[in-house]
$ cat query14.cif   # mmCIF, C-alpha atoms
data_start
#
loop_
_atom_site.label_atom_id
_atom_site.label_comp_id
_atom_site.auth_asym_id
_atom_site.auth_seq_id
_atom_site.Cartn_x
_atom_site.Cartn_y
_atom_site.Cartn_z
CA MET Y 1380 55.18 -97.71 -42.07
CA SER Y 1381 54.90 -94.55 -40.03
CA LEU Y 1382 53.06 -94.40 -36.74
CA PHE Y 1383 51.57 -91.03 -37.71
CA ARG Y 1384 50.24 -90.31 -41.17
CA THR Y 1385 51.29 -86.69 -40.82
CA MET Y 1386 53.44 -84.93 -38.31
CA PRO Y 1387 51.28 -83.74 -35.41
CA SER Y 1388 51.03 -79.98 -35.06
CA ALA Y 1389 51.27 -78.11 -31.79
CA GLY Y 1390 47.47 -77.72 -31.81
CA ASP Y 1391 47.04 -81.49 -31.67
CA PHE Y 1392 48.80 -81.60 -28.33
CA ALA Y 1393 47.05 -78.54 -26.82
CA PRO Y 1394 44.53 -80.61 -24.78
CA LEU Y 1395 47.38 -82.68 -23.36
CA PHE Y 1396 49.36 -79.57 -22.39
CA ARG Y 1397 46.27 -78.05 -20.74
CA LEU Y 1398 45.72 -81.28 -18.79
CA LEU Y 1399 49.34 -81.23 -17.61
CA ASP Y 1400 49.02 -77.55 -16.60
CA ASP Y 1401 45.83 -78.28 -14.66
CA TYR Y 1402 47.50 -81.22 -12.93
CA ASP Y 1403 50.46 -79.02 -11.99
CA VAL Y 1404 48.12 -76.40 -10.50
CA HIS Y 1405 46.24 -79.12 -8.61
CA ARG Y 1406 49.48 -80.62 -7.29
CA SER Y 1407 50.84 -77.24 -6.16
CA ASN Y 1408 47.60 -76.49 -4.28
CA ARG Y 1409 47.61 -79.82 -2.42
CA GLY Y 1410 47.39 -79.33 1.33
CA GLN Y 1411 45.92 -75.85 0.96
CA VAL Y 1412 42.27 -75.67 1.94
CA SER Y 1413 40.60 -72.70 0.32
CA SER Y 1414 36.97 -71.85 -0.22
CA LEU Y 1415 37.91 -69.50 -3.07
CA ARG Y 1416 38.11 -70.89 -6.56
CA SER Y 1417 41.07 -69.90 -8.64
CA PHE Y 1418 42.24 -70.30 -12.19
CA THR Y 1419 45.30 -69.60 -14.28
CA PRO Y 1420 44.71 -67.45 -17.35
CA ARG Y 1421 46.67 -68.34 -20.48
CA PHE Y 1422 49.37 -65.92 -21.66
CA ASP Y 1423 51.56 -65.67 -24.73
CA VAL Y 1424 54.98 -64.25 -23.86
CA ARG Y 1425 57.30 -63.09 -26.61
CA GLU Y 1426 60.50 -61.12 -26.74
CA SER Y 1427 61.66 -58.50 -29.20
CA ASP Y 1428 64.97 -56.66 -29.30
CA ASP Y 1429 63.74 -53.89 -27.02
CA ALA Y 1430 60.84 -55.34 -24.98
CA TYR Y 1431 58.87 -58.29 -23.65
CA HIS Y 1432 55.26 -58.66 -24.83
CA LEU Y 1433 52.63 -60.44 -22.73
CA ASP Y 1434 49.18 -61.16 -24.16
CA GLY Y 1435 46.70 -62.91 -21.87
CA GLU Y 1436 43.11 -64.08 -22.16
CA LEU Y 1437 40.91 -62.41 -19.55
CA PRO Y 1438 37.42 -62.45 -21.11
CA GLY Y 1439 34.68 -60.66 -19.24
CA ILE Y 1440 37.02 -59.14 -16.66
CA SER Y 1441 37.01 -55.36 -16.28
CA GLN Y 1442 40.24 -53.47 -15.81
CA GLU Y 1443 39.18 -52.48 -12.29
CA ASN Y 1444 39.47 -56.16 -11.30
CA ILE Y 1445 43.04 -56.57 -12.61
CA ASP Y 1446 46.21 -55.63 -10.69
CA ILE Y 1447 49.60 -55.39 -12.37
CA GLU Y 1448 52.65 -54.72 -10.21
CA PHE Y 1449 56.33 -55.53 -9.82
CA SER Y 1450 57.21 -57.60 -6.75
CA ASP Y 1451 60.92 -56.95 -7.39
CA ARG Y 1452 63.14 -55.55 -10.19
CA HIS Y 1453 62.69 -58.60 -12.46
CA THR Y 1454 59.27 -60.02 -11.48
CA LEU Y 1455 55.90 -58.85 -12.79
CA VAL Y 1456 52.73 -60.07 -11.04
CA ILE Y 1457 49.31 -59.98 -12.72
CA SER Y 1458 46.38 -60.85 -10.47
CA GLY Y 1459 42.67 -60.25 -10.20
CA ARG Y 1460 39.22 -61.66 -9.68
CA THR Y 1461 36.14 -62.51 -11.70
CA GLU Y 1462 32.67 -63.78 -10.83
CA ARG Y 1463 30.26 -65.82 -12.90
CA GLU Y 1464 27.51 -63.69 -14.41
CA PHE Y 1465 24.47 -64.68 -16.43
CA HIS Y 1466 22.62 -62.63 -18.98
CA ASN Y 1467 19.01 -63.74 -18.67
CA THR Y 1468 16.27 -63.01 -21.14
CA ASN Y 1469 12.69 -63.31 -19.94
CA ILE Y 1470 10.44 -65.41 -22.15
CA ASN Y 1471 7.26 -63.59 -21.10
CA ASP Y 1472 7.53 -60.44 -23.23
CA THR Y 1473 4.56 -58.48 -22.00
CA PRO Y 1474 4.92 -54.74 -22.60
CA HIS Y 1475 2.73 -53.84 -19.60
CA SER Y 1476 4.40 -56.12 -17.05
CA GLN Y 1477 5.90 -54.70 -13.89
CA ASP Y 1478 9.48 -55.25 -12.77
CA ALA Y 1479 9.68 -58.58 -10.99
CA GLN Y 1480 12.10 -59.75 -8.39
CA GLY Y 1481 14.08 -62.87 -9.28
CA GLU Y 1482 14.57 -65.89 -7.02
CA ASN Y 1483 17.80 -64.50 -5.62
CA GLY Y 1484 16.45 -61.00 -4.94
CA ASP Y 1485 17.87 -59.30 -8.05
CA VAL Y 1486 15.52 -57.09 -10.01
CA VAL Y 1487 14.65 -58.64 -13.36
CA LYS Y 1488 12.92 -56.60 -16.05
CA ALA Y 1489 10.54 -58.50 -18.31
CA GLY Y 1490 11.70 -58.69 -21.90
CA GLU Y 1491 15.06 -57.06 -21.24
CA GLN Y 1492 18.42 -58.54 -20.54
CA SER Y 1493 19.70 -58.31 -17.00
CA VAL Y 1494 22.82 -59.45 -15.24
CA THR Y 1495 22.40 -61.98 -12.43
CA LYS Y 1496 25.20 -63.07 -10.14
CA SER Y 1497 25.38 -66.81 -9.49
CA GLU Y 1498 25.97 -66.74 -5.73
CA ASN Y 1499 22.33 -67.37 -4.81
CA ASN Y 1500 21.09 -68.96 -8.05
CA LYS Y 1501 19.37 -72.31 -7.76
CA HIS Y 1502 20.48 -73.59 -11.14
CA ARG Y 1503 21.62 -77.13 -11.73
CA TYR Y 1504 24.74 -77.09 -13.86
CA TRP Y 1505 25.10 -79.60 -16.65
CA VAL Y 1506 28.55 -78.29 -17.54
CA SER Y 1507 30.62 -75.55 -15.90
CA GLU Y 1508 33.67 -74.72 -18.02
CA ARG Y 1509 34.11 -70.98 -17.52
CA SER Y 1510 36.95 -69.84 -15.30
CA VAL Y 1511 35.87 -67.91 -12.21
CA GLY Y 1512 37.46 -66.84 -8.97
CA GLU Y 1513 40.86 -65.34 -8.37
CA PHE Y 1514 43.84 -65.55 -10.67
CA HIS Y 1515 47.52 -64.91 -10.21
CA ARG Y 1516 50.35 -65.05 -12.75
CA THR Y 1517 54.01 -64.25 -12.15
CA PHE Y 1518 56.52 -63.48 -14.89
CA SER Y 1519 60.27 -63.25 -14.22
CA PHE Y 1520 62.46 -61.53 -16.77
CA PRO Y 1521 66.11 -62.50 -17.28
CA ASP Y 1522 67.21 -58.96 -18.18
CA LYS Y 1523 66.65 -55.63 -16.48
CA VAL Y 1524 63.34 -54.01 -17.40
CA ASP Y 1525 62.25 -50.38 -17.34
CA GLN Y 1526 59.43 -50.45 -14.77
CA ASP Y 1527 58.52 -46.81 -15.37
CA LYS Y 1528 57.70 -47.35 -19.06
CA VAL Y 1529 55.50 -50.48 -18.80
CA LYS Y 1530 52.22 -50.10 -20.71
CA ALA Y 1531 49.10 -52.25 -20.41
CA SER Y 1532 45.84 -52.30 -22.34
CA LEU Y 1533 42.68 -54.44 -22.18
CA LYS Y 1534 40.75 -54.85 -25.41
CA ASN Y 1535 38.21 -57.55 -26.34
CA GLY Y 1536 39.21 -59.70 -23.37
CA ILE Y 1537 42.92 -59.66 -24.21
CA LEU Y 1538 45.28 -58.04 -21.71
CA SER Y 1539 48.41 -56.79 -23.52
CA VAL Y 1540 51.40 -55.73 -21.44
CA LEU Y 1541 54.52 -54.19 -22.96
CA VAL Y 1542 57.57 -54.42 -20.69
CA PRO Y 1543 60.50 -52.49 -22.18
CA LYS Y 1544 64.04 -53.67 -21.58
CA VAL Y 1545 66.55 -51.28 -20.07
CA THR Y 1546 68.63 -49.97 -22.91
CA ALA Y 1547 72.20 -51.07 -22.55
CA SER Y 1548 74.49 -48.13 -22.43
CA GLY Y 1549 77.73 -48.47 -24.29
CA PRO Y 1550 81.10 -48.64 -22.61
CA LYS Y 1551 81.77 -45.66 -20.44
CA LYS Y 1552 85.30 -44.44 -20.08
CA ILE Y 1553 86.29 -43.19 -16.67
CA THR Y 1554 88.90 -40.49 -16.58
CA ILE Y 1555 91.43 -40.41 -13.81
CA GLU Y 1556 91.67 -37.09 -12.04
#

$ encode --input "query14.cif" --output "structure tokens"
Amino acid sequence: MSLFRTMPSAGDFAPLFRLLDDYDVHRSNRGQVSSLRSFTPRFDVRESDDAYHLDGELPGISQENIDIEFSDRHTLVISGRTEREFHNTNINDTPHSQDAQGENGDVVKAGEQSVTKSENNKHRYWVSERSVGEFHRTFSFPDKVDQDKVKASLKNGILSVLVPKVTASGPKKITIE
């Protein structure tokens, strides 16, 4: 009799892998006291014959808050910052109401959606699962990459980075003069 009725798929182990990743981040930050929250965005990294492809989840983060740079010839660093935002909808839809000031000083328009930053909110959280704060990911490539031809795009919360490999030139014959 088999222990498993079916072979477990990779998706069945995803929560375990995430737990191990979170533990690794916690362990690496031990001894560092920081008031800033940080998180590690998830990336898919794949390789083709001529390039490396990185696709990362960065929902709700604008491209102005993302930095992509090479720290050396083989290492790409992606970093940035995000803050928690709320989209509030006022329940009191009165067409003649004036603009009111919210509890934290932000202007809230009645009946319209507005963005409120959470720094001064007096909400009690039941669950807080969204990633906020600073993030930092480092990718090291085994082969030489063409830093001048790297392309990045941000669409629907997915950051896609194309890192072309340096094309290998064939054997070059040196003539003796």

$ closest_atom_pairs --input "query14.cif" --of "region 1500-1533 of chain Y" --to "region 1421-1435 of chain Y" --cutoff "12 Å" --atoms "only C-alpha atoms" --output "JSON lines"
{"residue": "Y:Ser1510", "atom": "CA", "partner": "Y:Arg1421", "partner_atom": "CA", "distance": 11.1}
{"residue": "Y:Phe1514", "atom": "CA", "partner": "Y:Arg1421", "partner_atom": "CA", "distance": 10.6}
{"residue": "Y:His1515", "atom": "CA", "partner": "Y:Arg1421", "partner_atom": "CA", "distance": 10.9}
{"residue": "Y:Arg1516", "atom": "CA", "partner": "Y:Phe1422", "partner_atom": "CA", "distance": 9.0}
{"residue": "Y:Thr1517", "atom": "CA", "partner": "Y:Phe1422", "partner_atom": "CA", "distance": 10.7}
{"residue": "Y:Phe1518", "atom": "CA", "partner": "Y:Val1424", "partner_atom": "CA", "distance": 9.1}
{"residue": "Y:Ser1519", "atom": "CA", "partner": "Y:Tyr1431", "partner_atom": "CA", "distance": 10.7}
{"residue": "Y:Phe1520", "atom": "CA", "partner": "Y:Tyr1431", "partner_atom": "CA", "distance": 8.4}
{"residue": "Y:Pro1521", "atom": "CA", "partner": "Y:Tyr1431", "partner_atom": "CA", "distance": 10.5}
{"residue": "Y:Asp1522", "atom": "CA", "partner": "Y:Ala1430", "partner_atom": "CA", "distance": 10.0}
{"residue": "Y:Lys1523", "atom": "CA", "partner": "Y:Ala1430", "partner_atom": "CA", "distance": 10.3}
{"residue": "Y:Val1524", "atom": "CA", "partner": "Y:Ala1430", "partner_atom": "CA", "distance": 8.1}
{"residue": "Y:Asp1525", "atom": "CA", "partner": "Y:Ala1430", "partner_atom": "CA", "distance": 9.2}
{"residue": "Y:Gln1526", "atom": "CA", "partner": "Y:Ala1430", "partner_atom": "CA", "distance": 11.4}
{"residue": "Y:Lys1528", "atom": "CA", "partner": "Y:Ala1430", "partner_atom": "CA", "distance": 10.4}
{"residue": "Y:Val1529", "atom": "CA", "partner": "Y:Ala1430", "partner_atom": "CA", "distance": 9.5}
{"residue": "Y:Lys1530", "atom": "CA", "partner": "Y:His1432", "partner_atom": "CA", "distance": 10.0}
{"residue": "Y:Ala1531", "atom": "CA", "partner": "Y:Leu1433", "partner_atom": "CA", "distance": 9.2}
{"residue": "Y:Ser1532", "atom": "CA", "partner": "Y:Asp1434", "partner_atom": "CA", "distance": 9.6}
{"residue": "Y:Leu1533", "atom": "CA", "partner": "Y:Gly1435", "partner_atom": "CA", "distance": 9.4}

$ atom_distance --input "query14.cif" --atom1 "CA of Thr1546 (chain Y)" --atom2 "CA of Ile1447 (chain Y)"
22.4 Å

$ atom_distance --input "query14.cif" --atom1 "CA of Ile1445 (chain Y)" --atom2 "CA of Asp1400 (chain Y)"
22.2 Å

$ atom_distance --input "query14.cif" --atom1 "CA of Gly1536 (chain Y)" --atom2 "CA of Leu1437 (chain Y)"
5.0 Å

$ closest_residue --input "query14.cif" --among "Y:Ala1393, Y:Leu1399, Y:Ile1555, Y:Ile1440" --to "Lys1534 (chain Y)" --atoms "all atoms listed in the file"
Y:Ile1440

$ closest_residue --input "query14.cif" --among "Y:Glu1508, Y:Ser1417, Y:His1453, Y:Ser1441" --to "Val1545 (chain Y)" --atoms "all atoms listed in the file"
Y:His1453

$ closest_residue --input "query14.cif" --among "Y:Tyr1402, Y:Ile1537, Y:Leu1395, Y:Ser1507" --to "Gln1442 (chain Y)" --atoms "all atoms listed in the file"
Y:Ile1537
